[in-house]
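Q: A single structure is presented below for examination.
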Amino acid sequence: MVNITLLILSVILGYAIYWQLGAKRFQEAKDMANQIQEKGKKDALGFEEKILASIANEIEYTKKASLQRIAELRESNIALDKKLDVQSKDLECYEYKIHNISQSIKHKEIELENRRRSNIDCMEKLREIQGKVHETLLQISGYTQEKIQEKFFSEFEETLQKEARRVYDCYLENIITNADRIAKRILATTIHRCHFSHWFDSYSSTLAIQDSPCIEWFLSENFLNFLKKELDCHDLVLDYEAESSILIIITPDGCKREICKDFLEKLLYLQNKNREDLEKILQQSKNKIEQLLLKEAQNICELVKIEVCEDIAKFLGRLKYRTSFGQNVLWHSVEVAHLAKFIASELGFDPYMASRSGLLHDIGKAIDHEKEGGHPEIGGEILQHFDEAPEILEGVVEHHEDIQIETPYATIINTADAISASRPGARRETFEKYIHRLEKLESIAYSIPGIETAFAISAGREIRVILDPEKVSDQEVKNVASIISNMIEKDLHYPGKIKITVIREMKVIEYAQ
């Protein structure tokens, strides 16, 4: 009970103390709030006075600046007014000057019109005078107007032709010089990249024979007729040299010559020589040579990196025993293939196409002794049968200029063929053909009017022509050289180039007495 009473008293006492402390703190807070409020009012009044003073100063500054700007504008307007007055006076002066100039122009126009009319009258009088002078000159000269015009145009045309020829020759010389320089560079590069041996062959094969009975049998008429019939080679000749014991087999067909040689070698060791055995052995020799030629053609194709079908390879292999002026045609074709490839690469054409066309360009020579026509035409027919590309056919058919060259590949093959044929030691020429070529060269020169003398020199590599100065003028010398060049290119077949030198000399001799 005492505890409860103490607890109640404690609670009451604590509440009384808390209320007194709260009342005291409330009074202190209220006094502090009043102090803060008084201070805020004083600070607000001070800030308001500062703001009003700043606004008043700003207004005063703006007023002074505005008054100053107004004064400046007034002075500027006064200056502009003065300037405007000056420009108005200048404008009046200009208007006065323009008026005076327009008046002067009108007077000059009137004066110009008067002069124009006066000039028209003078021109009419001048035409009348010219007409009278023209008629007088015609009467004095004895020519009609048409004749004078004809003579004038004739002389003008002659002068124009001479000048055109001079300009043409100048441009042609520049073009030829540049083309010759580029061509020499290409050909020099091509020849430098190629190195070939010399290949010679003949129309005969030899066979050493010691057995006299075989010799008598081989040279008998029956055996020779058998060979000609079975080989279909009517120009076959067998000749025996007793001193050296050598049998010579002669025929232009190299393949049949080699077949005959192989056949005779086998007969030397044959005991029973009946006709059936002969035909069987001959067929074996034919098969052997055909396989040999096919293998040779395939090796050549591998060498030049060109693929051909077996039928074309057989034609190509037959060129192994074909010659032209002593040059082996198969290896000549290999040379042309290499040269054509290099030339085509220099000119920007397809090297493979040019090389293929070069390898096959003389394929017609494989059967040109069996078929009518030139070997370019025959080769074109062979390759057309095997569906070769048009570029290949053009190079084969046109490479000897039997028809006009119109395609680049034909020109490349023609050039490569000429390089291979004309290089030193590549071909041999008979004395009769050499003399005939020189005579033909001189006869071409003598066929042109105005030629006094012509000489073929340097083994037919140059022809010098001396003109009659009374029949040929200096302006026509270049034309004569061009005509001779064109006729030589058209009528002659020759390796390399032929130089044409035309000389015109006027020599006058007079004696003083």
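Identifiers in this document derive from the order of the structure tokens: chains are assigned A, B, ..., residues are numbered from 1 separately in each chain, and ligands are numbered from 1 in order of occurrence.
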Any chance you could list, as a PyMOL selection string, the residues in segment 258-459 of chain A that come up alpha helix (DSSP H) when DSSP is run on the backbone?
A: chain A and resi 258-267+275-304+310-317+329-347+351-359+375-385+390-397+408-422+431-446
Q: Would you list the contacts of segment 457-462 of chain A as an NGL selection string, taking every protein, DNA or RNA residue within 7 Å and counting only C-alpha atoms, but skipping same-chain residues closer than 3 positions in sequence?
A: :A and (438 or 497-500)
